[in-house]
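Raw contents of final.pdb, PDB, C-alpha atoms, pLDDT in the B column:
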```pdb
ATOM      1  CA  MET A   1      62.141 168.781  41.811  1.00 48.00           C
ATOM      2  CA  ALA A   2      60.340 169.675  38.589  1.00 48.00           C
ATOM      3  CA  ALA A   3      63.212 168.415  36.444  1.00 50.00           C
ATOM      4  CA  ARG A   4      63.162 165.070  38.245  1.00 52.00           C
ATOM      5  CA  ARG A   5      59.446 164.659  37.611  1.00 55.00           C
ATOM      6  CA  VAL A   6      59.910 165.442  33.922  1.00 50.00           C
ATOM      7  CA  ALA A   7      62.817 163.010  33.671  1.00 53.00           C
ATOM      8  CA  LEU A   8      60.633 160.224  35.049  1.00 52.00           C
ATOM      9  CA  LYS A   9      57.959 160.792  32.419  1.00 68.00           C
ATOM     10  CA  SER A  10      60.083 161.097  29.275  1.00 78.00           C
ATOM     11  CA  ILE A  11      58.425 160.175  25.990  1.00 84.00           C
ATOM     12  CA  ASP A  12      59.941 158.042  23.253  1.00 88.00           C
ATOM     13  CA  TRP A  13      59.122 160.422  20.415  1.00 91.00           C
ATOM     14  CA  LEU A  14      60.566 158.174  17.688  1.00 91.00           C
ATOM     15  CA  ALA A  15      58.332 155.251  18.651  1.00 90.00           C
ATOM     16  CA  PHE A  16      55.413 157.666  18.988  1.00 91.00           C
ATOM     17  CA  ALA A  17      56.107 159.160  15.512  1.00 92.00           C
ATOM     18  CA  GLU A  18      56.045 155.705  13.899  1.00 93.00           C
ATOM     19  CA  ARG A  19      52.441 155.216  15.051  1.00 92.00           C
ATOM     20  CA  VAL A  20      51.133 158.589  13.884  1.00 94.00           C
ATOM     21  CA  PRO A  21      49.172 158.457  10.616  1.00 95.00           C
ATOM     22  CA  PRO A  22      50.310 160.817   7.842  1.00 94.00           C
ATOM     23  CA  ASN A  23      47.154 162.953   8.047  1.00 96.00           C
ATOM     24  CA  GLN A  24      47.910 163.737  11.720  1.00 95.00           C
ATOM     25  CA  ARG A  25      51.606 164.674  11.354  1.00 95.00           C
ATOM     26  CA  GLY A  26      50.878 168.384  11.814  1.00 96.00           C
ATOM     27  CA  MET A  27      49.075 167.806  15.101  1.00 96.00           C
ATOM     28  CA  PHE A  28      51.865 165.482  16.253  1.00 95.00           C
ATOM     29  CA  ASN A  29      54.546 168.065  15.428  1.00 95.00           C
ATOM     30  CA  ALA A  30      52.586 170.758  17.288  1.00 96.00           C
ATOM     31  CA  LEU A  31      52.288 168.456  20.316  1.00 94.00           C
ATOM     32  CA  LYS A  32      56.007 167.684  20.269  1.00 94.00           C
ATOM     33  CA  THR A  33      56.917 171.373  19.928  1.00 95.00           C
ATOM     34  CA  ARG A  34      54.662 172.338  22.813  1.00 95.00           C
ATOM     35  CA  SER A  35      55.944 169.490  24.961  1.00 91.00           C
ATOM     36  CA  ASP A  36      59.551 170.465  24.244  1.00 91.00           C
ATOM     37  CA  ALA A  37      58.796 174.106  25.102  1.00 92.00           C
ATOM     38  CA  ILE A  38      57.168 173.151  28.416  1.00 90.00           C
ATOM     39  CA  GLY A  39      60.039 170.781  29.203  1.00 87.00           C
ATOM     40  CA  ALA A  40      62.616 173.486  28.470  1.00 88.00           C
ATOM     41  CA  LYS A  41      60.732 175.935  30.679  1.00 90.00           C
ATOM     42  CA  LEU A  42      60.577 173.391  33.515  1.00 86.00           C
ATOM     43  CA  THR A  43      64.277 172.597  33.279  1.00 86.00           C
ATOM     44  CA  SER A  44      65.135 176.310  33.366  1.00 87.00           C
ATOM     45  CA  LEU A  45      63.393 176.666  36.737  1.00 86.00           C
ATOM     46  CA  PRO A  46      65.496 176.165  39.879  1.00 86.00           C
ATOM     47  CA  GLU A  47      65.031 173.035  41.978  1.00 83.00           C
ATOM     48  CA  ALA A  48      63.940 175.072  45.010  1.00 83.00           C
ATOM     49  CA  PRO A  49      62.420 178.573  45.070  1.00 82.00           C
ATOM     50  CA  ALA A  50      64.720 181.472  45.930  1.00 85.00           C
ATOM     51  CA  ALA A  51      64.973 182.172  49.651  1.00 87.00           C
ATOM     52  CA  ILE A  52      63.246 185.343  50.869  1.00 89.00           C
ATOM     53  CA  ASP A  53      65.539 187.943  52.441  1.00 89.00           C
ATOM     54  CA  TRP A  54      63.362 188.882  55.408  1.00 89.00           C
ATOM     55  CA  SER A  55      66.011 191.251  56.857  1.00 89.00           C
ATOM     56  CA  LEU A  56      65.803 193.396  53.711  1.00 89.00           C
ATOM     57  CA  TYR A  57      62.036 193.695  54.121  1.00 88.00           C
ATOM     58  CA  ARG A  58      62.396 194.502  57.848  1.00 88.00           C
ATOM     59  CA  SER A  59      64.700 197.414  57.022  1.00 88.00           C
ATOM     60  CA  THR A  60      62.431 198.644  54.206  1.00 89.00           C
ATOM     61  CA  VAL A  61      58.909 198.270  55.635  1.00 87.00           C
ATOM     62  CA  ALA A  62      57.957 201.111  57.988  1.00 86.00           C
ATOM     63  CA  LYS A  63      55.374 199.261  60.110  1.00 87.00           C
ATOM     64  CA  ALA A  64      57.088 197.234  62.820  1.00 80.00           C
ATOM     65  CA  GLY A  65      56.019 193.606  63.230  1.00 87.00           C
ATOM     66  CA  MET A  66      54.376 193.345  59.816  1.00 91.00           C
ATOM     67  CA  VAL A  67      57.333 191.496  58.235  1.00 90.00           C
ATOM     68  CA  ASP A  68      57.616 189.211  61.278  1.00 90.00           C
ATOM     69  CA  GLU A  69      53.921 188.350  60.937  1.00 92.00           C
ATOM     70  CA  PHE A  70      54.328 187.633  57.213  1.00 91.00           C
ATOM     71  CA  GLU A  71      57.417 185.518  57.867  1.00 91.00           C
ATOM     72  CA  LYS A  72      55.592 183.506  60.538  1.00 93.00           C
ATOM     73  CA  LYS A  73      52.609 182.927  58.222  1.00 93.00           C
ATOM     74  CA  PHE A  74      54.896 182.068  55.300  1.00 91.00           C
ATOM     75  CA  THR A  75      56.833 179.445  57.246  1.00 90.00           C
ATOM     76  CA  ALA A  76      53.592 177.966  58.606  1.00 92.00           C
ATOM     77  CA  LEU A  77      52.101 177.693  55.110  1.00 90.00           C
ATOM     78  CA  GLN A  78      51.954 174.105  53.886  1.00 90.00           C
ATOM     79  CA  ILE A  79      50.695 173.526  50.369  1.00 88.00           C
ATOM     80  CA  PRO A  80      49.233 170.026  50.071  1.00 89.00           C
ATOM     81  CA  HIS A  81      50.218 168.010  47.037  1.00 87.00           C
ATOM     82  CA  PRO A  82      47.399 165.918  45.606  1.00 89.00           C
ATOM     83  CA  ALA A  83      47.673 162.213  46.255  1.00 89.00           C
ATOM     84  CA  ASP A  84      48.210 159.988  43.261  1.00 89.00           C
ATOM     85  CA  THR A  85      45.095 157.835  43.141  1.00 89.00           C
ATOM     86  CA  GLN A  86      45.071 156.905  39.460  1.00 92.00           C
ATOM     87  CA  THR A  87      48.492 155.378  38.775  1.00 91.00           C
ATOM     88  CA  SER A  88      47.641 152.036  40.385  1.00 92.00           C
ATOM     89  CA  ALA A  89      44.384 151.822  38.407  1.00 93.00           C
ATOM     90  CA  ILE A  90      46.193 152.716  35.176  1.00 94.00           C
ATOM     91  CA  ASN A  91      48.925 150.150  35.868  1.00 94.00           C
ATOM     92  CA  ALA A  92      46.289 147.488  36.545  1.00 95.00           C
ATOM     93  CA  GLN A  93      44.477 148.404  33.337  1.00 96.00           C
ATOM     94  CA  GLU A  94      47.776 148.277  31.433  1.00 95.00           C
ATOM     95  CA  ALA A  95      48.573 144.837  32.851  1.00 96.00           C
ATOM     96  CA  GLU A  96      45.101 143.599  31.915  1.00 96.00           C
ATOM     97  CA  SER A  97      45.458 145.037  28.406  1.00 96.00           C
ATOM     98  CA  ASN A  98      48.870 143.427  27.997  1.00 96.00           C
ATOM     99  CA  LYS A  99      47.430 140.106  29.143  1.00 97.00           C
ATOM    100  CA  SER A 100      44.519 140.306  26.698  1.00 97.00           C
ATOM    101  CA  ALA A 101      46.855 141.420  23.901  1.00 97.00           C
ATOM    102  CA  SER A 102      49.205 138.494  24.510  1.00 97.00           C
ATOM    103  CA  ALA A 103      46.224 136.109  24.568  1.00 97.00           C
ATOM    104  CA  TYR A 104      45.020 137.605  21.281  1.00 97.00           C
ATOM    105  CA  ILE A 105      48.499 137.221  19.781  1.00 97.00           C
ATOM    106  CA  GLU A 106      48.660 133.570  20.842  1.00 97.00           C
ATOM    107  CA  GLY A 107      45.184 132.951  19.393  1.00 97.00           C
ATOM    108  CA  SER A 108      46.221 134.681  16.181  1.00 97.00           C
ATOM    109  CA  LYS A 109      49.326 132.518  15.901  1.00 97.00           C
ATOM    110  CA  ALA A 110      47.161 129.407  16.343  1.00 97.00           C
ATOM    111  CA  ARG A 111      44.734 130.639  13.671  1.00 97.00           C
ATOM    112  CA  ILE A 112      47.638 131.422  11.337  1.00 97.00           C
ATOM    113  CA  ALA A 113      48.975 127.875  11.773  1.00 97.00           C
ATOM    114  CA  GLN A 114      45.507 126.465  11.069  1.00 96.00           C
ATOM    115  CA  TYR A 115      45.089 128.663   7.982  1.00 97.00           C
ATOM    116  CA  GLU A 116      48.533 127.655   6.716  1.00 97.00           C
ATOM    117  CA  GLN A 117      47.531 123.990   7.022  1.00 95.00           C
ATOM    118  CA  GLU A 118      44.341 124.683   5.072  1.00 92.00           C
ATOM    119  CA  LEU A 119      46.317 126.601   2.475  1.00 94.00           C
ATOM    120  CA  ASP A 120      48.734 123.668   2.090  1.00 94.00           C
ATOM    121  CA  LYS A 121      45.714 121.385   1.708  1.00 89.00           C
ATOM    122  CA  PHE A 122      44.365 123.561  -1.092  1.00 90.00           C
ATOM    123  CA  LYS A 123      47.760 123.831  -2.792  1.00 93.00           C
ATOM    124  CA  ASN A 124      48.282 120.058  -2.726  1.00 91.00           C
ATOM    125  CA  MET A 125      44.788 118.897  -3.715  1.00 90.00           C
ATOM    126  CA  ILE A 126      43.708 117.704  -7.116  1.00 91.00           C
ATOM    127  CA  PRO A 127      42.339 120.529  -9.295  1.00 91.00           C
ATOM    128  CA  PHE A 128      38.547 120.734  -9.254  1.00 87.00           C
ATOM    129  CA  ASP A 129      38.183 120.049 -12.945  1.00 91.00           C
ATOM    130  CA  GLU A 130      40.028 116.716 -12.494  1.00 91.00           C
ATOM    131  CA  MET A 131      38.155 115.621  -9.320  1.00 89.00           C
ATOM    132  CA  THR A 132      35.590 112.886  -9.134  1.00 91.00           C
ATOM    133  CA  ASN A 133      32.725 112.947  -6.637  1.00 89.00           C
ATOM    134  CA  GLU A 134      34.678 110.549  -4.401  1.00 90.00           C
ATOM    135  CA  ASP A 135      37.739 112.825  -4.496  1.00 90.00           C
ATOM    136  CA  LEU A 136      35.529 115.788  -3.634  1.00 89.00           C
ATOM    137  CA  ASN A 137      33.930 113.919  -0.700  1.00 88.00           C
ATOM    138  CA  ASP A 138      37.357 112.800   0.561  1.00 88.00           C
ATOM    139  CA  THR A 139      38.810 116.298   0.339  1.00 87.00           C
ATOM    140  CA  PHE A 140      35.734 118.078   1.697  1.00 88.00           C
ATOM    141  CA  PRO A 141      33.808 115.639   3.957  1.00 87.00           C
ATOM    142  CA  GLU A 142      31.048 118.187   4.582  1.00 83.00           C
ATOM    143  CA  THR A 143      29.929 117.765   0.944  1.00 81.00           C
ATOM    144  CA  LYS A 144      29.200 114.053   1.334  1.00 84.00           C
ATOM    145  CA  LEU A 145      25.493 113.267   1.174  1.00 83.00           C
ATOM    146  CA  ASP A 146      23.924 110.774   3.569  1.00 80.00           C
ATOM    147  CA  LYS A 147      21.554 108.910   1.272  1.00 82.00           C
ATOM    148  CA  VAL A 148      20.801 106.232   3.860  1.00 84.00           C
ATOM    149  CA  LYS A 149      19.672 108.577   6.627  1.00 82.00           C
ATOM    150  CA  TYR A 150      18.061 111.075   4.224  1.00 80.00           C
ATOM    151  CA  PRO A 151      16.913 109.042   1.185  1.00 81.00           C
ATOM    152  CA  TYR A 152      15.182 111.946  -0.575  1.00 79.00           C
ATOM    153  CA  TRP A 153      16.835 114.866  -2.241  1.00 82.00           C
ATOM    154  CA  PRO A 154      18.628 117.088  -1.007  1.00 80.00           C
ATOM    155  CA  HIS A 155      19.852 114.224   1.265  1.00 76.00           C
ATOM    156  CA  LYS A 156      20.419 116.687   4.141  1.00 79.00           C
ATOM    157  CA  PRO A 157      18.192 118.105   6.838  1.00 79.00           C
ATOM    158  CA  ILE A 158      16.380 121.233   5.675  1.00 77.00           C
ATOM    159  CA  ALA A 159      17.815 123.185   8.622  1.00 82.00           C
ATOM    160  CA  ASP A 160      21.367 122.572   7.320  1.00 74.00           C
ATOM    161  CA  LEU A 161      20.667 124.109   3.937  1.00 69.00           C
TER     162      LEU A 161
END
```
Represent the structure contained in this file as structure tokens.
Amino acid sequence: MAARRVALKSIDWLAFAERVPPNQRGMFNALKTRSDAIGAKLTSLPEAPAAIDWSLYRSTVAKAGMVDEFEKKFTALQIPHPADTQTSAINAQEAESNKSASAYIEGSKARIAQYEQELDKFKNMIPFDEMTNEDLNDTFPETKLDKVKYPYWPHKPIADL
């Protein structure tokens, strides 16, 4: 039973090692060593505990009925296993994180495309030392001054400065 549980929760140590910073390699190696030791110990254990030879105890124990009482109590003993209440919450959190990460990736790709267009614009524009004011206003419309609406210098609202 223990080996099956460990097999379900195996760790991809190579992928994990790629994400570990160089200053934390020692701690990572200690974690991997300890995990491997615990895993080896778990796999060395039998699937089911060894059966108790009650007849041997009956022949050895002097007090009659004591072994029968222990056997009855032992067979009646039920150890409750804790219910897993966190896996569903963790899976929901993982799904939400994956959704937000994919949305962030899509937004990043859109920003990259926009930045590449701006970069192409800058690569293909006339050099600044060869530009006229009209070329500057055509290339960067935000630099154009509205002398009709704002006839006095700086030809922009004060709040925009």
If the box runs along x, y and z of the file and leaves 3 Å on each side of region 118-124 of chain A, what are its centre and edge lengths in Å, one decimal, as lines of an AutoDock Vina configuration file?
```
center_x = 46.5
center_y = 123.3
center_z = 1.1
size_x = 10.4
size_y = 12.5
size_z = 13.9
```
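In this structure, CA of Pro127 (chain A) sits 19.3 Å away from CA of Tyr115 (chain A).
Here CA of Ile126 (chain A) stands at a distance of 16.0 Å from CA of Thr143 (chain A).
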request  = For CA of Lys156 (chain A) and CA of Asn133 (chain A), quote the distance in Å rounded to one decimal.
outcome  = 16.8 Å
query = Quick one: residues within 12 Å of Glu69 (chain A), only C-alpha atoms counted, chain neighbours fewer than 5 positions away excluded, as a list in words?
reply = Trp54, Tyr57, Arg58, Lys63, Ala64, Phe74, Thr75 and Ala76 of chain A
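You can rank A:Ile158, A:Asp68, A:Met27, A:Ala95 by their closest distance to Leu56 (chain A) using only C-alpha atoms, and at the top of that list sits A:Asp68.
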inquiry  = Evaluate the PyMOL selection byres ((chain A and resi 13) around 12) against this structure - the residues, as a PyMOL selection string, please.
reply    = chain A and resi 10-12+14-20+28-29+31-33+35-36
